[in-house]
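With mmCIF, C-alpha atoms and all ligand atoms inside, this is model23.cif:
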```
data_my_file
#
loop_
_atom_site.label_atom_id
_atom_site.label_comp_id
_atom_site.auth_asym_id
_atom_site.auth_seq_id
_atom_site.Cartn_x
_atom_site.Cartn_y
_atom_site.Cartn_z
CA MET A 272 27.02 112.65 97.81
CA SER A 273 28.98 110.54 100.30
CA GLU A 274 28.63 110.67 104.08
CA PRO A 275 31.05 113.10 105.82
CA MET A 276 34.06 111.40 107.41
CA PHE A 277 33.98 113.56 110.53
CA PRO A 278 31.02 114.24 112.77
CA THR A 279 29.42 117.65 112.44
CA LEU A 280 30.54 120.34 114.87
CA ASP A 281 27.30 119.90 116.86
CA GLU A 282 27.87 116.14 117.12
CA ALA A 283 31.48 116.70 118.19
CA LEU A 284 30.33 119.16 120.89
CA THR A 285 27.78 116.66 122.23
CA ARG A 286 30.50 114.01 122.49
CA LEU A 287 32.92 116.47 124.12
CA ALA A 288 30.27 117.51 126.68
CA SER A 289 30.06 113.94 127.98
CA THR A 290 33.74 113.63 128.94
CA GLU A 291 34.76 113.15 132.57
CA HIS A 292 36.90 116.29 132.98
CA LEU A 293 36.69 118.93 130.27
CA LEU A 294 39.36 121.53 129.54
CA VAL A 295 38.22 124.46 127.41
CA ALA A 296 41.32 126.37 126.30
CA LEU A 297 40.87 129.57 124.35
CA ASP A 298 43.07 132.05 122.59
CA PHE A 299 41.92 135.60 123.36
CA ASP A 300 42.64 138.21 120.65
CA GLY A 301 40.86 137.45 117.39
CA THR A 302 39.07 134.48 118.97
CA LEU A 303 37.01 135.93 121.83
CA ALA A 304 37.85 139.59 121.19
CA PRO A 305 37.73 141.36 117.82
CA PHE A 306 40.98 143.10 116.81
CA VAL A 307 41.34 146.75 117.77
CA ASP A 308 44.25 149.11 117.07
CA ASN A 309 45.12 149.55 120.76
CA PRO A 310 45.63 146.08 122.30
CA GLU A 311 44.95 147.50 125.79
CA GLU A 312 41.38 148.29 124.69
CA SER A 313 40.73 144.76 123.45
CA ARG A 314 37.83 143.04 125.26
CA ALA A 315 35.93 139.79 124.72
CA ILE A 316 32.50 140.25 123.16
CA PRO A 317 29.67 139.98 125.75
CA GLU A 318 28.41 136.67 124.31
CA ALA A 319 31.86 135.13 124.77
CA ARG A 320 32.15 136.43 128.33
CA ASP A 321 28.72 134.99 129.18
CA ALA A 322 29.55 131.59 127.69
CA VAL A 323 32.89 131.44 129.55
CA ALA A 324 31.11 132.38 132.80
CA ARG A 325 28.59 129.56 132.27
CA LEU A 326 31.36 127.03 131.55
CA LEU A 327 33.17 128.10 134.73
CA GLU A 328 30.03 127.29 136.73
CA VAL A 329 29.92 123.66 135.56
CA SER A 330 31.79 121.17 137.75
CA HIS A 331 34.61 119.03 136.33
CA THR A 332 35.16 121.75 133.76
CA THR A 333 38.22 124.01 133.53
CA VAL A 334 38.56 127.08 131.33
CA ALA A 335 41.94 128.54 130.35
CA PHE A 336 42.97 131.52 128.24
CA VAL A 337 46.12 130.78 126.23
CA SER A 338 47.56 133.92 124.67
CA GLY A 339 50.67 135.42 123.15
CA ARG A 340 50.13 138.39 125.45
CA ALA A 341 52.20 138.73 128.59
CA VAL A 342 50.11 137.32 131.44
CA ASP A 343 49.52 140.75 133.07
CA SER A 344 48.20 142.12 129.80
CA LEU A 345 46.03 139.01 129.32
CA SER A 346 44.67 139.38 132.85
CA ARG A 347 43.70 143.02 132.22
CA ALA A 348 42.19 142.46 128.78
CA SER A 349 40.25 139.34 129.79
CA GLU A 350 39.24 140.85 133.16
CA SER A 351 40.35 137.47 134.53
CA PRO A 352 37.08 135.77 135.54
CA ASP A 353 37.19 133.85 138.87
CA GLY A 354 38.54 130.34 138.41
CA ILE A 355 40.13 130.92 135.01
CA LEU A 356 43.66 129.64 134.29
CA LEU A 357 45.85 132.11 132.40
CA VAL A 358 48.72 131.19 130.09
CA GLY A 359 50.69 134.13 128.67
CA SER A 360 53.56 134.58 126.24
CA HIS A 361 52.69 131.39 124.30
CA GLY A 362 53.35 129.19 127.33
CA ALA A 363 56.29 131.04 128.93
CA GLU A 364 54.05 132.36 131.75
CA TYR A 365 51.41 130.61 133.85
CA ARG A 366 48.98 132.16 136.33
CA PHE A 367 47.05 129.32 137.95
CA ASP A 368 44.98 129.87 141.11
CA GLY A 369 46.69 133.24 141.62
CA VAL A 370 50.22 131.80 141.48
CA ASP A 371 52.65 132.95 138.77
CA THR A 372 55.17 130.47 137.39
CA HIS A 373 57.17 130.08 134.23
CA PRO A 374 59.88 127.81 132.92
CA PRO A 375 63.21 128.79 134.53
CA LEU A 376 65.88 130.77 132.61
CA SER A 377 69.56 129.85 132.83
CA ASP A 378 72.30 132.51 133.24
CA GLY A 379 73.10 132.07 129.55
CA ASP A 380 69.42 132.64 128.66
CA ARG A 381 69.38 135.82 130.74
CA ALA A 382 72.49 137.14 128.99
CA ARG A 383 70.87 136.49 125.60
CA VAL A 384 67.68 138.26 126.72
CA ALA A 385 69.79 141.33 127.59
CA THR A 386 71.55 141.31 124.20
CA LEU A 387 68.24 140.87 122.40
CA SER A 388 66.79 143.83 124.30
CA GLY A 389 69.55 146.13 123.00
CA VAL A 390 69.26 144.89 119.43
CA LEU A 391 65.48 145.42 119.25
CA ALA A 392 65.65 148.84 120.94
CA VAL A 393 67.87 150.02 118.07
CA VAL A 394 65.53 148.56 115.42
CA SER A 395 62.48 150.17 117.04
CA SER A 396 64.18 153.58 117.29
CA GLU A 397 64.99 153.37 113.57
CA HIS A 398 61.37 152.46 112.68
CA PRO A 399 58.97 155.07 114.13
CA GLY A 400 55.53 153.73 115.03
CA THR A 401 56.89 150.39 116.24
CA TRP A 402 57.21 149.54 119.90
CA VAL A 403 58.88 146.81 121.90
CA GLU A 404 57.06 144.80 124.56
CA ALA A 405 59.13 142.91 127.12
CA LYS A 406 58.20 139.27 127.61
CA PRO A 407 59.59 137.00 130.34
CA ALA A 408 62.02 135.37 127.95
CA GLY A 409 62.16 137.74 125.03
CA PHE A 410 60.51 140.66 123.29
CA ALA A 411 57.74 141.46 120.84
CA LEU A 412 58.13 144.17 118.20
CA HIS A 413 54.68 145.63 117.55
CA THR A 414 53.78 147.22 114.21
CA ARG A 415 50.01 147.54 114.57
CA GLY A 416 48.64 150.59 112.75
CA LEU A 417 51.63 150.95 110.41
CA PRO A 418 51.20 150.85 106.61
CA ASP A 419 52.11 147.41 105.17
CA GLU A 420 55.40 148.53 103.59
CA LEU A 421 56.67 150.08 106.84
CA GLU A 422 55.58 147.01 108.79
CA LEU A 423 57.47 144.77 106.36
CA ALA A 424 60.59 146.96 106.56
CA ALA A 425 60.55 146.90 110.37
CA ASN A 426 60.06 143.11 110.43
CA GLU A 427 62.92 142.55 108.02
CA ALA A 428 65.23 144.90 109.90
CA ALA A 429 64.44 143.13 113.17
CA ARG A 430 65.05 139.66 111.71
CA ARG A 431 68.35 140.80 110.18
CA ALA A 432 69.56 142.49 113.35
CA VAL A 433 68.73 139.44 115.49
CA ALA A 434 70.38 137.10 112.97
CA ASP A 435 73.49 139.35 112.83
CA ALA A 436 73.74 139.25 116.63
CA ASN A 437 73.96 135.46 116.29
CA LEU A 438 71.32 134.87 118.96
CA GLN A 439 69.64 131.50 119.16
CA VAL A 440 66.07 132.73 119.44
CA LYS A 441 62.69 131.48 118.36
CA VAL A 442 60.99 133.88 115.94
CA ARG A 443 57.21 134.01 115.74
CA ASP A 444 55.14 135.96 113.25
CA GLY A 445 51.73 137.11 114.39
CA LYS A 446 49.25 139.70 113.22
CA ASP A 447 51.05 143.07 113.42
CA VAL A 448 53.72 141.64 115.69
CA ILE A 449 56.98 139.73 115.44
CA GLU A 450 58.28 137.97 118.53
CA PHE A 451 61.74 136.84 119.51
CA SER A 452 61.90 134.41 122.39
CA ILE A 453 64.78 132.71 124.16
CA LEU A 454 62.46 130.05 125.55
CA SER A 455 61.33 127.78 122.77
CA VAL A 456 57.89 127.05 124.22
CA THR A 457 54.76 127.02 122.06
CA LYS A 458 51.04 126.94 122.67
CA GLY A 459 51.35 123.18 122.13
CA ASP A 460 53.59 122.94 125.20
CA ALA A 461 51.05 125.08 127.06
CA LEU A 462 48.19 122.74 126.16
CA ARG A 463 50.17 119.66 127.20
CA HIS A 464 50.97 121.35 130.52
CA LEU A 465 47.31 122.35 131.02
CA ARG A 466 46.12 118.83 130.25
CA ASP A 467 48.48 117.39 132.88
CA TYR A 468 47.71 120.12 135.41
CA THR A 469 43.93 119.70 135.16
CA GLY A 470 43.78 115.96 134.52
CA ALA A 471 41.49 116.71 131.58
CA THR A 472 40.03 113.73 129.70
CA ALA A 473 39.18 115.86 126.66
CA VAL A 474 40.22 119.30 125.43
CA LEU A 475 38.72 121.98 123.22
CA TYR A 476 41.14 124.54 121.85
CA ALA A 477 40.03 127.55 119.79
CA GLY A 478 42.33 130.08 118.13
CA ASP A 479 42.68 132.31 115.10
CA ASP A 480 46.39 132.87 114.44
CA VAL A 481 49.40 130.98 113.08
CA THR A 482 50.75 130.40 116.62
CA ASP A 483 47.52 128.56 117.49
CA GLU A 484 48.47 125.82 115.04
CA ASP A 485 50.91 124.45 117.65
CA GLY A 486 47.95 124.21 120.00
CA PHE A 487 45.79 122.40 117.47
CA ALA A 488 48.63 119.99 116.70
CA ALA A 489 48.91 119.08 120.40
CA LEU A 490 45.34 117.76 120.43
CA GLY A 491 44.37 114.16 119.79
CA GLU A 492 41.47 111.81 119.42
CA GLY A 493 38.48 112.88 121.49
CA ASP A 494 39.64 116.52 121.54
CA LEU A 495 38.17 119.33 119.45
CA SER A 496 40.23 121.91 117.55
CA LEU A 497 38.42 125.03 116.34
CA LYS A 498 39.95 127.56 113.95
CA CYS A 499 38.41 131.04 113.92
CA GLY A 500 38.63 132.91 110.61
CA PRO A 501 40.50 132.32 107.35
CA GLY A 502 43.93 130.76 106.74
CA ASP A 503 45.51 127.32 106.53
CA THR A 504 44.91 125.17 109.59
CA VAL A 505 45.28 121.68 110.99
CA ALA A 506 42.15 122.24 113.12
CA ASN A 507 39.21 119.90 112.52
CA TYR A 508 36.56 122.61 112.60
CA ARG A 509 36.34 126.21 111.52
CA VAL A 510 34.06 129.15 112.27
CA ALA A 511 34.19 132.70 110.90
CA SER A 512 34.26 135.07 113.87
CA PRO A 513 34.40 135.56 117.66
CA ALA A 514 30.57 135.64 117.63
CA ASP A 515 30.60 132.10 116.18
CA VAL A 516 33.14 130.95 118.79
CA ALA A 517 30.87 132.37 121.49
CA ALA A 518 27.92 130.44 120.06
CA VAL A 519 29.96 127.21 120.11
CA LEU A 520 30.94 127.85 123.75
CA ALA A 521 27.32 128.60 124.69
CA THR A 522 26.19 125.30 123.15
CA LEU A 523 28.96 123.43 124.93
CA ALA A 524 28.08 125.06 128.28
CA GLN A 525 24.42 124.13 127.86
CA GLU A 526 25.17 120.52 126.92
CA ARG A 527 27.80 120.18 129.64
CA ALA A 528 25.39 121.47 132.27
CA ALA A 529 22.70 119.09 130.97
CA THR A 530 24.93 116.10 131.72
CA GLY A 531 24.21 116.88 135.40
CA ARG A 532 27.80 117.59 136.37
MG MG B 1 44.63 135.32 118.50
#
```

So that I can check it, write out the structure of this file as structure tokens.
Amino acid sequence: MSEPMFPTLDEALTRLASTEHLLVALDFDGTLAPFVDNPEESRAIPEARDAVARLLEVSHTTVAFVSGRAVDSLSRASESPDGILLVGSHGAEYRFDGVDTHPPLSDGDRARVATLSGVLAVVSSEHPGTWVEAKPAGFALHTRGLPDELELAANEAARRAVADANLQVKVRDGKDVIEFSILSVTKGDALRHLRDYTGATAVLYAGDDVTDEDGFAALGEGDLSLKCGPGDTVANYRVASPADVAAVLATLAQERAATGR
């Protein structure tokens, strides 16, 4: 058997813990919080909350939640620990140090948001059990709890209606949700912005969904990408569940604190 090309996850965590300024960026749903049918009831598991709290206590260490949720929803679900940076709507909304910002919309963008709103309202009314969530620069059509065939029908109807309206929008598939956004930001843009904002010298990003792949792809040498659960990924490491992510974060917090920072 040949030697592994990459260090083990434990070795990579030890190296990460020694960096000058560490950014720990984390998706929320499916990564820190198990999936539940009502997204408003979603909460991080206690082990993940404890590990995040310990990381927040270490100096030269920043923790951010980077979610597809609107930032208000992310703030409620994550119970927004003191000092955390929040990124909502895949990078279209920032809440840093209590200040909300997002990339500006042009008049043309705003007109397209209004058209999109009307189109998706019709689709949702024709597909009972779906609901539309407003995002700063678009909308999400939720299908959680629907049987697969009804979910598929709603997704296809929404794609067709948006295409027929000739709107230049970015379409994102998630778990039980399809999103249409005027702003073409991704979690990769969010991670680049966070790296600049914090001056981080190394970044960990953990996520479970297809939209997290943009985040993983924005990382480089000296960073650590961690995929939670099954599915294709460009991440360098993989664990099975939020409990495993919490264990990784606990190890990182312990090693980071032990560096004396
Ligand atoms: Mg997720």

State, in Å with one decimal place, the distance from atom CA of A:Leu303 to atom CA of A:Val442.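 Separating atom CA of A:Leu303 from atom CA of A:Val442 is a distance of 24.8 Å.
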
Looking at all atoms listed in the file, which of A:His292, A:Arg466, A:Lys498, A:Arg431 is the one that sits closest to ligand MG 1 (chain B)?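 The shortest atom-to-atom distance to ligand MG 1 (chain B) comes from A:Lys498.
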
Of the candidates A:Leu376, A:Leu293, A:Val440, A:Ala315, which one gets nearest to ligand MG 1 (chain B) if we count only C-alpha atoms and all ligand atoms?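 Nearest to ligand MG 1 (chain B): A:Ala315.
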
Got a sec to check which residues lie within 10 Å of ligand MG 1 (chain B), using all atoms listed in the file, and send them as a short mmCIF file (atom, residue, chain, number, x, y, z; two decimals) with C-alpha atoms, in the coordinates of the input?
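Result file is selection-v4.cif:
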```cif
data_model
loop_
_atom_site.label_atom_id
_atom_site.label_comp_id
_atom_site.auth_asym_id
_atom_site.auth_seq_id
_atom_site.Cartn_x
_atom_site.Cartn_y
_atom_site.Cartn_z
CA LEU A 297 40.87 129.57 124.35
CA ASP A 298 43.07 132.05 122.59
CA PHE A 299 41.92 135.60 123.36
CA ASP A 300 42.64 138.21 120.65
CA GLY A 301 40.86 137.45 117.39
CA THR A 302 39.07 134.48 118.97
CA LEU A 303 37.01 135.93 121.83
CA ALA A 304 37.85 139.59 121.19
CA PRO A 305 37.73 141.36 117.82
CA PHE A 306 40.98 143.10 116.81
CA VAL A 337 46.12 130.78 126.23
CA SER A 338 47.56 133.92 124.67
CA GLY A 339 50.67 135.42 123.15
CA ARG A 340 50.13 138.39 125.45
CA GLY A 445 51.73 137.11 114.39
CA LYS A 446 49.25 139.70 113.22
CA ALA A 477 40.03 127.55 119.79
CA GLY A 478 42.33 130.08 118.13
CA ASP A 479 42.68 132.31 115.10
CA ASP A 480 46.39 132.87 114.44
CA VAL A 481 49.40 130.98 113.08
CA THR A 482 50.75 130.40 116.62
CA ASP A 483 47.52 128.56 117.49
CA CYS A 499 38.41 131.04 113.92
#
```

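As for atom CA of A:Arg286 and atom CA of A:Leu495, they are spaced 9.8 Å apart.
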
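With only C-alpha atoms as the atoms that count, the minimum distance from A:Leu326 to the choices A:Asp380, A:Asp281, A:Asp435, A:Asp353 is reached by A:Asp353.
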
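Nearest to A:Ala461 of all the residues A:Leu357, A:Ala528, A:Leu391, A:Ala322 is A:Leu357, based on only C-alpha atoms.
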